[in-house]
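**Q** See coords25.tsv below, with TSV, C-alpha atoms.
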chain	number	residue	atom	x	y	z
A	4	MET	CA	-7.42	70.78	83.60
A	5	LYS	CA	-10.55	69.05	82.27
A	6	THR	CA	-12.76	71.25	84.45
A	7	PHE	CA	-10.95	74.37	83.26
A	8	ALA	CA	-11.51	73.37	79.60
A	9	SER	CA	-15.20	72.75	80.33
A	10	LYS	CA	-15.51	76.22	81.85
A	11	ILE	CA	-14.00	77.76	78.74
A	12	ARG	CA	-16.44	75.79	76.58
A	13	PHE	CA	-19.34	76.93	78.75
A	14	ARG	CA	-18.48	80.59	78.23
A	15	LYS	CA	-17.82	80.09	74.51
A	16	TYR	CA	-21.04	78.17	73.86
A	17	SER	CA	-23.01	80.61	75.99
A	18	LEU	CA	-21.83	83.52	73.87
A	19	VAL	CA	-22.63	81.66	70.63
A	20	THR	CA	-26.07	80.73	71.96
A	21	ILE	CA	-26.84	84.33	72.91
A	22	VAL	CA	-26.14	85.32	69.30
A	23	LEU	CA	-28.27	82.42	68.07
A	24	LEU	CA	-31.19	83.51	70.25
A	25	PHE	CA	-31.12	86.99	68.75
A	26	ILE	CA	-31.06	85.41	65.27
A	27	LEU	CA	-34.00	83.22	66.31
A	28	ILE	CA	-35.95	86.27	67.51
A	29	LEU	CA	-35.28	87.90	64.14
A	30	ALA	CA	-36.39	84.75	62.30
A	31	GLY	CA	-39.57	84.61	64.37
A	32	ALA	CA	-40.22	88.26	63.60
A	33	VAL	CA	-39.79	87.58	59.87
A	34	VAL	CA	-42.29	84.72	60.14
A	35	ARG	CA	-44.74	86.99	61.92
A	36	SER	CA	-44.37	89.99	59.61
A	37	SER	CA	-44.61	87.86	56.45
A	38	GLY	CA	-47.62	85.89	57.70
A	39	SER	CA	-45.72	82.61	57.42
A	40	GLY	CA	-46.82	81.14	60.74
A	41	MET	CA	-49.04	78.57	59.05
A	42	GLY	CA	-46.46	77.85	56.35
A	43	CYS	CA	-46.06	74.55	58.19
A	44	PRO	CA	-49.51	73.53	59.46
A	45	ASP	CA	-48.17	70.74	61.68
A	46	TRP	CA	-45.44	70.55	64.32
A	47	PRO	CA	-42.66	69.50	64.77
A	48	LYS	CA	-42.67	68.17	61.19
A	49	CYS	CA	-43.71	70.30	58.22
A	50	PHE	CA	-46.47	68.73	56.12
A	51	GLY	CA	-45.50	65.46	57.75
A	52	GLN	CA	-41.92	65.73	56.49
A	53	TYR	CA	-38.59	66.68	58.07
A	54	VAL	CA	-37.71	68.54	54.85
A	55	PRO	CA	-40.80	70.42	53.61
A	56	PRO	CA	-42.16	70.26	50.06
A	57	THR	CA	-41.38	72.89	47.43
A	58	SER	CA	-44.43	72.28	45.28
A	59	ILE	CA	-48.11	71.67	45.92
A	60	ASN	CA	-47.82	68.61	43.69
A	61	GLU	CA	-45.91	66.90	46.51
A	62	LEU	CA	-48.96	67.14	48.80
A	63	PRO	CA	-52.08	64.94	48.90
A	64	LYS	CA	-55.29	66.48	47.51
A	65	ASP	CA	-56.98	66.46	50.93
A	66	TYR	CA	-54.07	68.17	52.76
A	67	LYS	CA	-56.23	71.18	53.70
A	68	GLN	CA	-58.93	69.13	55.41
A	69	LYS	CA	-56.35	66.94	57.12
A	70	TYR	CA	-54.45	69.78	58.77
A	71	VAL	CA	-57.56	71.78	59.65
A	72	ALA	CA	-58.84	68.71	61.50
A	73	GLU	CA	-55.53	68.31	63.35
A	74	ARG	CA	-55.44	72.02	64.16
A	75	THR	CA	-59.01	71.96	65.50
A	76	LYS	CA	-58.27	68.91	67.65
A	77	LYS	CA	-55.14	70.54	69.07
A	78	ASN	CA	-56.96	73.78	69.91
A	79	GLN	CA	-59.82	71.97	71.58
A	80	LYS	CA	-57.33	70.14	73.77
A	81	PHE	CA	-55.60	73.43	74.61
A	82	ALA	CA	-58.98	75.03	75.44
A	83	LYS	CA	-59.66	72.23	77.94
A	84	THR	CA	-56.30	72.92	79.57
A	85	LEU	CA	-57.18	76.61	79.84
A	86	ASP	CA	-60.50	75.71	81.47
A	87	LEU	CA	-58.64	73.58	83.97
A	88	PHE	CA	-56.47	76.55	85.01
A	89	GLY	CA	-59.38	78.98	85.18
A	90	TYR	CA	-58.93	80.79	81.86
A	91	SER	CA	-62.45	80.02	80.66
A	92	ASP	CA	-62.87	83.25	78.70
A	93	LEU	CA	-59.75	82.62	76.61
A	94	ALA	CA	-60.82	78.99	76.13
A	95	ARG	CA	-64.22	80.16	74.89
A	96	ARG	CA	-62.64	82.57	72.42
A	97	ILE	CA	-60.51	79.77	70.98
A	98	ARG	CA	-63.52	77.46	70.64
A	99	GLU	CA	-65.59	80.17	68.92
A	100	ASP	CA	-62.84	81.35	66.56
A	101	LYS	CA	-64.16	80.32	63.14
A	102	SER	CA	-60.95	81.43	61.44
A	103	ILE	CA	-59.28	78.33	62.88
A	104	LEU	CA	-61.44	76.28	60.50
A	105	LEU	CA	-60.24	78.15	57.42
A	106	PRO	CA	-57.73	76.06	55.43
A	107	GLU	CA	-54.37	77.55	54.51
A	108	GLU	CA	-53.27	77.61	50.88
A	109	PHE	CA	-49.85	76.08	50.27
A	110	ASN	CA	-47.16	78.72	49.69
A	111	ALA	CA	-43.63	77.45	49.21
A	112	ALA	CA	-42.02	80.74	50.30
A	113	LYS	CA	-44.00	80.84	53.55
A	114	THR	CA	-43.40	77.15	54.16
A	115	TRP	CA	-39.63	77.53	53.88
A	116	THR	CA	-39.64	80.76	55.92
A	117	GLU	CA	-41.29	78.91	58.79
A	118	TYR	CA	-39.07	75.86	58.26
A	119	ILE	CA	-35.89	77.97	58.49
A	120	ASN	CA	-37.24	79.52	61.67
A	121	ARG	CA	-37.75	76.05	63.15
A	122	LEU	CA	-34.30	74.96	61.98
A	123	ILE	CA	-32.67	77.93	63.76
A	124	GLY	CA	-34.74	77.08	66.83
A	125	ALA	CA	-33.51	73.48	66.77
A	126	ILE	CA	-29.87	74.59	66.47
A	127	SER	CA	-30.37	77.07	69.33
A	128	GLY	CA	-31.89	74.30	71.44
A	129	LEU	CA	-28.91	72.04	70.73
A	130	PHE	CA	-26.48	74.73	71.85
A	131	LEU	CA	-28.54	75.33	75.00
A	132	VAL	CA	-28.13	71.64	75.81
A	133	LEU	CA	-24.36	71.96	75.34
A	134	VAL	CA	-24.37	75.02	77.60
A	135	ALA	CA	-26.25	73.05	80.27
A	136	VAL	CA	-23.80	70.13	80.02
A	137	PHE	CA	-20.73	72.33	80.47
A	138	SER	CA	-22.44	74.43	83.16
A	139	PHE	CA	-21.82	71.60	85.65
A	140	SER	CA	-18.14	72.52	85.63
A	141	TYR	CA	-19.25	75.41	87.89
A	142	ARG	CA	-21.26	73.24	90.30
A	143	TYR	CA	-18.77	73.74	93.14
A	144	GLU	CA	-18.23	77.49	92.67
A	145	ASN	CA	-21.79	78.56	91.87
A	146	LYS	CA	-24.64	76.02	91.91
A	147	LEU	CA	-26.96	78.64	90.41
A	148	ILE	CA	-25.21	78.40	87.03
A	149	PRO	CA	-26.06	74.72	86.34
A	150	PHE	CA	-29.53	75.11	87.91
A	151	LEU	CA	-30.46	78.03	85.65
A	152	SER	CA	-28.88	76.38	82.60
A	153	VAL	CA	-31.01	73.26	83.04
A	154	LEU	CA	-34.07	75.41	83.77
A	155	ASN	CA	-33.50	77.17	80.46
A	156	ILE	CA	-33.78	73.88	78.57
A	157	LEU	CA	-37.18	73.26	80.18
A	158	LEU	CA	-38.28	76.80	79.32
A	159	VAL	CA	-37.17	76.36	75.71
A	160	GLY	CA	-39.23	73.17	75.47
A	161	PHE	CA	-42.27	75.01	76.81
A	162	GLN	CA	-41.55	77.93	74.47
A	163	ALA	CA	-41.48	75.62	71.45
A	164	TRP	CA	-44.86	74.17	72.44
A	165	LEU	CA	-46.25	77.64	73.11
A	166	GLY	CA	-45.02	78.76	69.68
A	167	SER	CA	-47.06	76.01	68.06
A	168	ILE	CA	-50.09	77.18	70.06
A	169	VAL	CA	-49.51	80.80	68.98
A	170	VAL	CA	-49.76	79.73	65.34
A	171	SER	CA	-52.50	77.17	65.84
A	172	THR	CA	-54.80	79.63	67.64
A	173	ASN	CA	-54.34	82.38	65.04
A	174	LEU	CA	-52.24	84.55	67.37
A	175	VAL	CA	-54.79	84.81	70.19
A	176	SER	CA	-54.08	87.93	72.25
A	177	GLY	CA	-52.24	87.28	75.50
A	178	ILE	CA	-50.53	84.14	74.25
A	179	VAL	CA	-48.38	86.20	71.85
A	180	THR	CA	-47.30	88.48	74.70
A	181	LEU	CA	-46.47	85.50	76.91
A	182	HIS	CA	-44.46	83.99	74.04
A	183	MET	CA	-42.37	87.16	73.73
A	184	LEU	CA	-41.84	87.56	77.48
A	185	LEU	CA	-40.74	83.95	77.76
A	186	ALA	CA	-38.21	84.50	74.96
A	187	LEU	CA	-36.79	87.47	76.89
A	188	THR	CA	-36.68	85.37	80.08
A	189	ILE	CA	-34.65	82.64	78.33
A	190	LEU	CA	-32.32	85.30	76.94
A	191	ALA	CA	-31.92	86.97	80.36
A	192	ILE	CA	-31.09	83.65	82.06
A	193	LEU	CA	-28.44	82.87	79.45
A	194	ILE	CA	-26.90	86.34	79.73
A	195	GLY	CA	-27.02	86.03	83.52
A	196	THR	CA	-25.24	82.68	83.69
A	197	TYR	CA	-22.65	83.85	81.16
A	198	HIS	CA	-21.99	86.92	83.27
A	199	MET	CA	-21.75	84.88	86.49
A	200	ALA	CA	-19.20	82.56	84.92
A	201	ASN	CA	-17.24	85.41	83.37
A	202	THR	CA	-17.01	87.48	86.55
A	203	TYR	CA	-16.58	84.76	89.18
A	204	GLY	CA	-14.08	85.95	91.81
A	205	LYS	CA	-13.84	89.43	90.31
A	206	HIS	CA	-14.10	92.70	92.19
A	207	LYS	CA	-17.59	93.77	93.24
A	208	LEU	CA	-18.48	97.33	92.35
A	209	ASP	CA	-19.86	99.91	94.74
A	210	SER	CA	-21.99	101.88	92.32
A	211	SER	CA	-24.31	104.71	93.32
A	212	PRO	CA	-27.72	103.52	94.64
A	213	ILE	CA	-29.35	106.11	92.37
A	214	THR	CA	-27.72	104.45	89.35
A	215	HIS	CA	-29.06	101.05	90.42
A	216	VAL	CA	-32.59	102.43	90.84
A	217	ALA	CA	-32.44	104.25	87.49
A	218	MET	CA	-31.14	101.08	85.81
A	219	LEU	CA	-33.93	98.94	87.23
A	220	LEU	CA	-36.63	101.46	86.30
A	221	THR	CA	-35.23	101.78	82.78
A	222	LEU	CA	-35.27	98.00	82.32
A	223	VAL	CA	-38.85	97.80	83.62
A	224	ILE	CA	-39.99	100.58	81.28
A	225	SER	CA	-38.34	98.86	78.32
A	226	THR	CA	-40.05	95.58	79.19
A	227	VAL	CA	-43.43	97.33	79.49
A	228	GLN	CA	-42.78	98.93	76.10
A	229	ILE	CA	-42.13	95.51	74.56
A	230	VAL	CA	-45.41	94.23	76.04
A	231	PHE	CA	-47.27	97.20	74.56
A	232	GLY	CA	-45.52	96.53	71.27
A	233	THR	CA	-46.82	92.94	71.14
A	234	GLU	CA	-50.32	94.22	71.96
A	235	VAL	CA	-50.06	96.75	69.14
A	236	ARG	CA	-49.09	93.93	66.82
A	237	GLU	CA	-52.08	91.87	68.01
A	238	LYS	CA	-54.40	94.80	67.32
A	239	ILE	CA	-52.86	95.31	63.89
A	240	ASP	CA	-53.50	91.62	63.16
A	241	GLU	CA	-57.17	92.09	64.07
A	242	VAL	CA	-57.44	95.12	61.79
A	243	SER	CA	-55.67	93.28	58.98
A	244	THR	CA	-58.04	90.33	59.28
A	245	HIS	CA	-61.07	92.64	59.34
A	246	LEU	CA	-59.87	94.43	56.19
A	247	GLN	CA	-58.93	91.10	54.59
A	248	GLY	CA	-55.31	92.16	54.23
A	249	GLY	CA	-56.14	95.25	52.18
A	250	TYR	CA	-55.98	98.99	52.87
A	251	ARG	CA	-52.62	98.57	54.59
A	252	GLU	CA	-52.19	102.33	54.96
A	253	ASP	CA	-55.26	102.37	57.28
A	254	TRP	CA	-54.10	99.66	59.68
A	255	ILE	CA	-52.36	101.99	62.16
A	256	SER	CA	-55.17	104.55	62.20
A	257	ASN	CA	-57.59	101.74	63.06
A	258	ALA	CA	-55.36	100.30	65.80
A	259	GLY	CA	-56.82	102.68	68.39
A	260	ALA	CA	-55.40	103.97	71.67
A	261	ILE	CA	-52.89	101.15	72.16
A	262	PHE	CA	-50.71	102.51	69.34
A	263	VAL	CA	-50.71	106.01	70.87
A	264	GLN	CA	-49.76	104.55	74.25
A	265	HIS	CA	-46.92	102.57	72.68
A	266	ARG	CA	-45.61	105.72	71.01
A	267	ASP	CA	-45.83	107.73	74.25
A	268	ILE	CA	-43.94	105.07	76.22
A	269	ALA	CA	-41.21	105.22	73.57
A	270	ILE	CA	-40.58	108.83	74.65
A	271	LEU	CA	-40.38	107.66	78.26
A	272	VAL	CA	-37.88	104.95	77.27
A	273	LEU	CA	-35.69	107.57	75.59
A	274	LEU	CA	-35.80	109.95	78.58
A	275	ALA	CA	-35.05	107.14	81.05
A	276	ASN	CA	-32.02	106.08	79.04
A	277	ILE	CA	-30.76	109.66	78.80
A	278	VAL	CA	-30.85	109.90	82.62
A	279	LEU	CA	-29.14	106.53	82.91
A	280	TYR	CA	-26.46	107.57	80.42
A	281	ILE	CA	-25.65	110.67	82.47
A	282	LEU	CA	-25.35	108.58	85.64
A	283	ILE	CA	-23.15	105.98	83.92
A	284	ARG	CA	-20.96	108.71	82.41
A	285	ASN	CA	-20.46	110.33	85.81
A	286	GLY	CA	-19.78	107.04	87.58
A	287	PHE	CA	-17.53	105.18	85.14
A	288	SER	CA	-14.64	106.01	82.84
A	289	ARG	CA	-15.12	106.43	79.11
A	290	HIS	CA	-13.38	103.12	78.33
A	291	SER	CA	-15.24	101.10	80.94
A	292	ASN	CA	-17.45	98.16	80.04
A	293	GLN	CA	-20.44	100.05	81.46
A	294	GLN	CA	-20.04	103.07	79.18
A	295	GLN	CA	-19.45	100.89	76.13
A	296	VAL	CA	-22.64	98.93	76.76
A	297	MET	CA	-24.57	102.15	77.41
A	298	SER	CA	-23.35	103.58	74.09
A	299	PHE	CA	-24.51	100.43	72.32
A	300	ILE	CA	-27.94	100.79	73.97
A	301	PHE	CA	-28.24	104.35	72.72
A	302	LEU	CA	-27.33	103.30	69.19
A	303	MET	CA	-30.02	100.60	69.27
A	304	ILE	CA	-32.60	103.09	70.60
A	305	MET	CA	-31.87	105.51	67.75
A	306	LEU	CA	-32.27	102.70	65.22
A	307	GLN	CA	-35.44	101.60	67.00
A	308	ILE	CA	-36.90	105.08	66.70
A	309	GLY	CA	-36.03	104.99	62.99
A	310	THR	CA	-37.89	101.71	62.41
A	311	GLY	CA	-40.82	103.04	64.45
A	312	ILE	CA	-41.07	106.04	62.10
A	313	MET	CA	-40.94	103.67	59.10
A	314	LEU	CA	-43.77	101.59	60.54
A	315	SER	CA	-45.88	104.68	61.23
A	316	TYR	CA	-45.46	106.45	57.89
A	317	TRP	CA	-44.64	103.68	55.42
A	318	ALA	CA	-47.69	101.46	56.06
A	319	LEU	CA	-45.93	98.86	58.23
A	320	PRO	CA	-43.29	97.43	55.82
A	321	PRO	CA	-42.54	93.82	56.87
A	322	PHE	CA	-38.74	94.33	57.01
A	323	ALA	CA	-39.21	97.22	59.47
A	324	GLN	CA	-41.49	95.07	61.64
A	325	ALA	CA	-38.83	92.38	61.90
A	326	LEU	CA	-36.06	94.90	62.67
A	327	HIS	CA	-38.25	96.63	65.25
A	328	ILE	CA	-38.67	93.41	67.23
A	329	LEU	CA	-34.97	92.50	66.95
A	330	LEU	CA	-33.86	95.96	68.11
A	331	ALA	CA	-36.25	95.83	71.07
A	332	SER	CA	-34.71	92.50	72.09
A	333	LEU	CA	-31.17	93.84	71.68
A	334	ILE	CA	-32.01	96.84	73.87
A	335	PHE	CA	-33.49	94.58	76.55
A	336	GLY	CA	-30.51	92.20	76.45
A	337	ALA	CA	-27.97	95.03	76.63
A	338	GLN	CA	-29.82	96.75	79.48
A	339	PHE	CA	-29.99	93.51	81.43
A	340	TYR	CA	-26.26	92.93	80.88
A	341	LEU	CA	-25.53	96.50	81.95
A	342	MET	CA	-27.56	96.02	85.13
A	343	LEU	CA	-25.46	92.97	85.98
A	344	ASN	CA	-22.29	94.93	85.33
A	345	LEU	CA	-23.32	97.60	87.82
A	346	TYR	CA	-22.91	94.97	90.54
A	347	THR	CA	-19.89	93.05	89.29
A	348	SER	CA	-17.40	93.77	86.56
A	349	VAL	CA	-14.38	92.07	85.05
A	350	LYS	CA	-12.58	95.36	85.59
A	351	ASN	CA	-11.87	96.58	89.08
A	352	GLN	CA	-13.57	99.60	90.56
A	353	GLU	CA	-10.57	101.89	90.32
A	354	ALA	CA	-10.23	101.24	86.59
A	355	ASN	CA	-13.86	102.16	86.06
A	356	ARG	CA	-13.75	105.47	87.89
Is it possible to give me this structure as structure tokens?

**A**
Amino acid sequence: MKTFASKIRFRKYSLVTIVLLFILILAGAVVRSSGSGMGCPDWPKCFGQYVPPTSINELPKDYKQKYVAERTKKNQKFAKTLDLFGYSDLARRIREDKSILLPEEFNAAKTWTEYINRLIGAISGLFLVLVAVFSFSYRYENKLIPFLSVLNILLVGFQAWLGSIVVSTNLVSGIVTLHMLLALTILAILIGTYHMANTYGKHKLDSSPITHVAMLLTLVISTVQIVFGTEVREKIDEVSTHLQGGYREDWISNAGAIFVQHRDIAILVLLANIVLYILIRNGFSRHSNQQQVMSFIFLMIMLQIGTGIMLSYWALPPFAQALHILLASLIFGAQFYLMLNLYTSVKNQEANR
């Protein structure tokens, strides 16, 4: 009975944590789009406090010099680590980046935006620990569930450290992309373990091989699109820095070919999902889990296209940037869940036909 209760808690906490991770991705996107990454110049505390200040009067006069020195020291240490693993070019770029030495002005709004992001991250981490604890109730049925759940805690720890590096190095290209891909990996593992626990002992589906191939290709294309999206954002950051934050309407036109490529892949994402929808519609009933998830994916894609148009023609409004990242994550998560449901479903095969 105790094991059964633990299994129920595992599924319940997993579902809550999945929601929390999407909220965390949104919070991170808000931090990024509002330029609040350096709202807290130190980590894990914020201006040396667990609850950040609300006024500059609460800070020492030399706070700028103090945190620039700490930031420089941290980046030099990170550059040495990169040298050790053979990434000498990236290490050199970090060492030569003079913008790292520029002090950040205190801004209470940015400070609390970053602080709330960290707070959501801490709550998400706590729930991931609870998920890992209750995952051991499945150790006899499926050892992969507790293994992946514990692995996720380690990945979250690395992700938190990497997030501090992303901010500390002024969003150095490559690190931002890795940060996003790692977030999607953590999300995929959590969705995967939740699905394994929820479908243990259920009927295995015999879906069309063409559907499986189309599903995999669609997921790969979506992931590539997300990578291109982070690279577009990195390029926009470079343009913004070069123009000193002004001439916002010219940022996209100065982004170069990467923006055009990102837009073109968006068309490919749409076409791939149309093909997948047709295959899902022909292979599963209208009320099946598969068709419901596919309909949700299409809704998210339409909203994603809408935010993309806003970003292109409305000079990159921050709220649209945040929504664009959240929607991309929701599409990825739903596609990954759909892929899992093509192999195993809580409903039997006959009900899905």

**Q** Which residue gives the smallest distance to Ile126 in chain A among A:His198, A:Phe339, A:Leu24, A:Pro321, with all atoms listed in the file counted?

**A**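 Using all atoms listed in the file, the shortest distance to Ile126 in chain A belongs to A:Leu24.
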
**Q** Might you pull out every residue within 9 Å of Glu234 in chain A, with only C-alpha atoms counted and same-chain residues fewer than 6 positions away left off, and present them as a PyMOL selection string?

**A** chain A and resi 176-177+179-180+261-262

**Q** Taking into account all atoms listed in the file, which residue in the set A:Gly160, A:Ser211, A:Gly195, A:His327 is nearest to Met313 in chain A?

**A**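 Using all atoms listed in the file, Met313 in chain A sits closest to A:His327.
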
**Q** Measure the distance from CA of Glu107 in chain A to CA of Leu314 in chain A in Å and round it to one decimal.

**A**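 Pair CA of Glu107 in chain A / CA of Leu314 in chain A returns 27.0 Å.
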
**Q** Between A:Ala331, A:Met199, A:Leu133, A:Ile194, single out the one closest to Thr226 in chain A, counting all atoms listed in the file.

**A**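 Among A:Ala331, A:Met199, A:Leu133, A:Ile194, it is A:Ala331 that comes nearest to Thr226 in chain A.
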
**Q** What separation in Å, quoted to one decimal, exists between CA of Ala258 in chain A and CA of Gly38 in chain A?

**A** 18.3 Å
